[in-house]
Amino acid sequence: MKKTMMYLEEEMHAYLAQEASRRGISMAEIAREAIAQYRTQSAERPTPGIAAVIGLIDTPGPPTNDAERVDELLGEYYAPSGAWDREHGLVGDS
Amino acid sequence: MVLSAILDTSILIAAISTREQHHLQAAAVLREFGQGELTLPITILSETMSLIGSRHGVSLQREVLDRIMASGVAVLPVGTQVLARAREIDGAYADAGFGFADSTLLACCEELRVARVLSLDRRLACYRPTFAPGLEILP
């Protein structure tokens, strides 16, 4: 085993001391149990994957086709006097 | 078998918004490749973020970025060598009108030797990679 030192909030420290006393084991033993449990849960938690972006925008309205108009839409947005210029105060709203 | 593919802006945009015309196809292919080795060139990420920011605002842009970063997808930096390759591709395929972002995506295909692209952009299929007979564009 390796020795280490950690800082705990007072409330957390008090809980740890109380729990150790109640169970008749050391505070370090509870910390080891908690770390082992955390590690197991982390390993079991699946990576969300790229599917996590599916349906992130789910607003009502007419169908759109932005996916096939990327160049066109960005061209409009960054065009002189376009939305980007207006949002950044480079031209007045008209 | 692990499926490898490179992600394009169009597939992400279509999958993210349920209003998109090709949402269901895009969502299906992302689910199919969800546990595969997916790569997202940084230039494509930038294009995707720009489009989402311009159309839906910075809050949603942040949410999408958070989810992509947590997804396990490899974000591929684009260095000088890949940029030089992209410039060559852009010049050689000038008639296709790939432009900067698509040319870097194709250069990343060359760099990684990955011949599968998840995209709605059928123009990409006209590119002839040096390491494979052709590109597979899905869905």
# chains A, B, ... in the order shown; residues from 1 in each chain; ligands from 1
>>> closest_atom_pairs(of="chain A", to="chain B", cutoff="9 Å", atoms="only C-alpha atoms", output="JSON lines")
{"residue": "A:Thr47", "atom": "CA", "partner": "B:Ser71", "partner_atom": "CA", "distance": 6.3}
{"residue": "A:Pro48", "atom": "CA", "partner": "B:Ser71", "partner_atom": "CA", "distance": 5.4}
{"residue": "A:Gly49", "atom": "CA", "partner": "B:Ser71", "partner_atom": "CA", "distance": 3.9}
{"residue": "A:Ile50", "atom": "CA", "partner": "B:Ser71", "partner_atom": "CA", "distance": 4.9}
{"residue": "A:Ala51", "atom": "CA", "partner": "B:Arg31", "partner_atom": "CA", "distance": 5.6}
{"residue": "A:Ala52", "atom": "CA", "partner": "B:Arg67", "partner_atom": "CA", "distance": 6.3}
{"residue": "A:Val53", "atom": "CA", "partner": "B:Ile16", "partner_atom": "CA", "distance": 5.5}
{"residue": "A:Ile54", "atom": "CA", "partner": "B:Ile16", "partner_atom": "CA", "distance": 4.7}
{"residue": "A:Gly55", "atom": "CA", "partner": "B:Ile16", "partner_atom": "CA", "distance": 4.8}
{"residue": "A:Leu56", "atom": "CA", "partner": "B:Ile16", "partner_atom": "CA", "distance": 5.2}
{"residue": "A:Ile57", "atom": "CA", "partner": "B:Ser17", "partner_atom": "CA", "distance": 4.5}
{"residue": "A:Asp58", "atom": "CA", "partner": "B:Thr18", "partner_atom": "CA", "distance": 5.4}
{"residue": "A:Thr59", "atom": "CA", "partner": "B:Arg19", "partner_atom": "CA", "distance": 7.4}
{"residue": "A:Pro60", "atom": "CA", "partner": "B:Arg19", "partner_atom": "CA", "distance": 7.5}
{"residue": "A:Gly61", "atom": "CA", "partner": "B:Arg19", "partner_atom": "CA", "distance": 7.2}
{"residue": "A:Pro62", "atom": "CA", "partner": "B:Arg19", "partner_atom": "CA", "distance": 7.0}
{"residue": "A:Pro63", "atom": "CA", "partner": "B:Arg19", "partner_atom": "CA", "distance": 4.8}
{"residue": "A:Thr64", "atom": "CA", "partner": "B:Glu20", "partner_atom": "CA", "distance": 4.8}
{"residue": "A:Asn65", "atom": "CA", "partner": "B:Glu20", "partner_atom": "CA", "distance": 5.4}
{"residue": "A:Asp66", "atom": "CA", "partner": "B:Glu20", "partner_atom": "CA", "distance": 7.0}
{"residue": "A:Ala67", "atom": "CA", "partner": "B:Ser10", "partner_atom": "CA", "distance": 4.3}
{"residue": "A:Glu68", "atom": "CA", "partner": "B:Ser10", "partner_atom": "CA", "distance": 6.2}
{"residue": "A:Arg69", "atom": "CA", "partner": "B:Ser10", "partner_atom": "CA", "distance": 8.4}
{"residue": "A:Val70", "atom": "CA", "partner": "B:Leu51", "partner_atom": "CA", "distance": 7.1}
{"residue": "A:Asp71", "atom": "CA", "partner": "B:Gly99", "partner_atom": "CA", "distance": 9.0}
{"residue": "A:Leu73", "atom": "CA", "partner": "B:Leu51", "partner_atom": "CA", "distance": 7.5}
{"residue": "A:Leu74", "atom": "CA", "partner": "B:Leu51", "partner_atom": "CA", "distance": 6.4}
{"residue": "A:Tyr77", "atom": "CA", "partner": "B:Ser54", "partner_atom": "CA", "distance": 7.0}
{"residue": "A:Ala83", "atom": "CA", "partner": "B:Ser54", "partner_atom": "CA", "distance": 8.2}
{"residue": "A:Trp84", "atom": "CA", "partner": "B:Ser54", "partner_atom": "CA", "distance": 8.0}
>>> select_by_dssp(residues="region 15-123 of chain B", states="alpha helix (DSSP H)", output="ChimeraX atom specification")
/B:15-16,23-32,42-56,58-70,80-92,99-112
>>> residues_around(residues="Leu8 (chain A)", least_positions_apart="5", cutoff="12 Å", atoms="only C-alpha atoms", output="ChimeraX atom specification")
/A:13-17,27,31
>>> select_by_dssp(residues="chain B", states="strand (DSSP E or B)", output="PyMOL selection string")
chain B and resi 4-7+17+20+37-41+74-76+116-118+136-138
>>> write_last_selection(atoms="C-alpha atoms", output="PDB file, in the first residue's frame")
ATOM      1  CA  SER B   4     -13.899   3.039 -39.238  1.00  0.00           C
ATOM      2  CA  ALA B   5     -15.254   6.168 -40.857  1.00  0.00           C
ATOM      3  CA  ILE B   6     -14.698   9.886 -41.134  1.00  0.00           C
ATOM      4  CA  LEU B   7     -17.502  12.266 -40.238  1.00  0.00           C
ATOM      5  CA  SER B  17     -31.887  18.399 -35.916  1.00  0.00           C
ATOM      6  CA  GLU B  20     -33.756  18.046 -41.178  1.00  0.00           C
ATOM      7  CA  GLU B  37     -13.713   4.255 -34.789  1.00  0.00           C
ATOM      8  CA  LEU B  38     -15.021   7.585 -35.906  1.00  0.00           C
ATOM      9  CA  THR B  39     -12.764  10.478 -36.810  1.00  0.00           C
ATOM     10  CA  LEU B  40     -13.737  14.119 -37.070  1.00  0.00           C
ATOM     11  CA  PRO B  41     -11.193  16.409 -38.752  1.00  0.00           C
ATOM     12  CA  ALA B  74     -11.318  11.213 -32.387  1.00  0.00           C
ATOM     13  CA  VAL B  75     -10.897  14.850 -33.354  1.00  0.00           C
ATOM     14  CA  LEU B  76      -8.056  14.914 -35.860  1.00  0.00           C
ATOM     15  CA  ARG B 116     -15.462   5.411 -45.656  1.00  0.00           C
ATOM     16  CA  VAL B 117     -17.100   8.798 -45.104  1.00  0.00           C
ATOM     17  CA  LEU B 118     -20.397   9.465 -43.346  1.00  0.00           C
ATOM     18  CA  GLU B 136     -17.719   4.630 -49.669  1.00  0.00           C
ATOM     19  CA  ILE B 137     -20.120   7.449 -48.860  1.00  0.00           C
ATOM     20  CA  LEU B 138     -22.819   6.520 -46.329  1.00  0.00           C
TER      21      LEU B 138
END
>>> atom_distance(atom1="CA of Tyr93 (chain B)", atom2="CA of Cys126 (chain B)")
8.8 Å
>>> residues_around(residues="Arg85 (chain B)", least_positions_apart="2", cutoff="12 Å", atoms="only C-alpha atoms", output="mmCIF file with N, CA and C atoms, in the first residue's frame")
data_model
loop_
_atom_site.group_PDB
_atom_site.id
_atom_site.type_symbol
_atom_site.label_atom_id
_atom_site.label_comp_id
_atom_site.auth_asym_id
_atom_site.auth_seq_id
_atom_site.Cartn_x
_atom_site.Cartn_y
_atom_site.Cartn_z
ATOM 1 N N VAL B 78 -5.313 19.083 -38.021
ATOM 2 C CA VAL B 78 -4.910 19.196 -39.422
ATOM 3 C C VAL B 78 -3.632 20.031 -39.473
ATOM 4 N N GLY B 79 -2.519 19.359 -39.747
ATOM 5 C CA GLY B 79 -1.237 20.048 -39.788
ATOM 6 C C GLY B 79 -0.845 20.428 -41.199
ATOM 7 N N THR B 80 0.370 20.935 -41.324
ATOM 8 C CA THR B 80 0.855 21.448 -42.604
ATOM 9 C C THR B 80 0.820 20.393 -43.705
ATOM 10 N N GLN B 81 1.198 19.168 -43.345
ATOM 11 C CA GLN B 81 1.246 18.104 -44.351
ATOM 12 C C GLN B 81 -0.147 17.805 -44.919
ATOM 13 N N VAL B 82 -1.116 17.729 -44.021
ATOM 14 C CA VAL B 82 -2.483 17.451 -44.470
ATOM 15 C C VAL B 82 -3.029 18.641 -45.264
ATOM 16 N N LEU B 83 -2.688 19.838 -44.835
ATOM 17 C CA LEU B 83 -3.143 21.024 -45.572
ATOM 18 C C LEU B 83 -2.564 21.045 -46.983
ATOM 19 N N ARG B 87 -4.681 20.965 -50.369
ATOM 20 C CA ARG B 87 -4.525 21.957 -51.452
ATOM 21 C C ARG B 87 -4.350 21.256 -52.794
ATOM 22 N N GLU B 88 -3.589 20.160 -52.778
ATOM 23 C CA GLU B 88 -3.409 19.375 -54.011
ATOM 24 C C GLU B 88 -4.752 18.824 -54.494
ATOM 25 N N ILE B 89 -5.515 18.271 -53.560
ATOM 26 C CA ILE B 89 -6.819 17.688 -53.913
ATOM 27 C C ILE B 89 -7.755 18.770 -54.458
ATOM 28 N N ASP B 90 -7.770 19.900 -53.775
ATOM 29 C CA ASP B 90 -8.636 21.003 -54.198
ATOM 30 C C ASP B 90 -8.288 21.440 -55.621
ATOM 31 N N GLY B 91 -6.999 21.466 -55.935
ATOM 32 C CA GLY B 91 -6.569 21.862 -57.272
ATOM 33 C C GLY B 91 -6.888 20.799 -58.312
ATOM 34 N N ALA B 92 -6.626 19.542 -57.953
ATOM 35 C CA ALA B 92 -6.833 18.447 -58.906
ATOM 36 C C ALA B 92 -8.317 18.216 -59.197
ATOM 37 N N PHE B 100 -12.416 24.267 -49.148
ATOM 38 C CA PHE B 100 -11.406 24.027 -48.121
ATOM 39 C C PHE B 100 -11.755 22.864 -47.187
ATOM 40 N N ASP B 102 -14.005 20.355 -47.282
ATOM 41 C CA ASP B 102 -14.111 19.026 -47.889
ATOM 42 C C ASP B 102 -12.743 18.522 -48.342
ATOM 43 N N SER B 103 -11.905 19.416 -48.852
ATOM 44 C CA SER B 103 -10.571 18.998 -49.285
ATOM 45 C C SER B 103 -9.740 18.499 -48.096
ATOM 46 N N THR B 104 -9.874 19.155 -46.975
ATOM 47 C CA THR B 104 -9.137 18.673 -45.790
ATOM 48 C C THR B 104 -9.701 17.328 -45.327
ATOM 49 N N LEU B 105 -11.023 17.153 -45.432
ATOM 50 C CA LEU B 105 -11.611 15.855 -45.067
ATOM 51 C C LEU B 105 -11.025 14.747 -45.946
ATOM 52 N N LEU B 106 -10.925 15.005 -47.247
ATOM 53 C CA LEU B 106 -10.387 13.996 -48.164
ATOM 54 C C LEU B 106 -8.898 13.753 -47.889
ATOM 55 N N ALA B 107 -8.188 14.812 -47.537
ATOM 56 C CA ALA B 107 -6.771 14.647 -47.179
ATOM 57 C C ALA B 107 -6.633 13.817 -45.901
ATOM 58 N N CYS B 108 -7.597 13.948 -44.990
ATOM 59 C CA CYS B 108 -7.585 13.124 -43.768
ATOM 60 C C CYS B 108 -7.861 11.658 -44.102
ATOM 61 N N CYS B 109 -8.715 11.420 -45.096
ATOM 62 C CA CYS B 109 -8.938 10.037 -45.555
ATOM 63 C C CYS B 109 -7.604 9.440 -46.007
ATOM 64 N N GLU B 110 -6.850 10.230 -46.753
ATOM 65 C CA GLU B 110 -5.538 9.765 -47.228
ATOM 66 C C GLU B 110 -4.593 9.531 -46.047
ATOM 67 N N GLU B 111 -4.580 10.471 -45.147
ATOM 68 C CA GLU B 111 -3.665 10.401 -43.995
ATOM 69 C C GLU B 111 -3.926 9.142 -43.165
ATOM 70 N N PRO B 129 -9.271 7.849 -54.101
ATOM 71 C CA PRO B 129 -8.164 7.785 -53.141
ATOM 72 C C PRO B 129 -6.970 7.013 -53.717
ATOM 73 N N THR B 130 -5.801 7.279 -53.169
ATOM 74 C CA THR B 130 -4.592 6.604 -53.651
ATOM 75 C C THR B 130 -4.452 5.201 -53.067
#
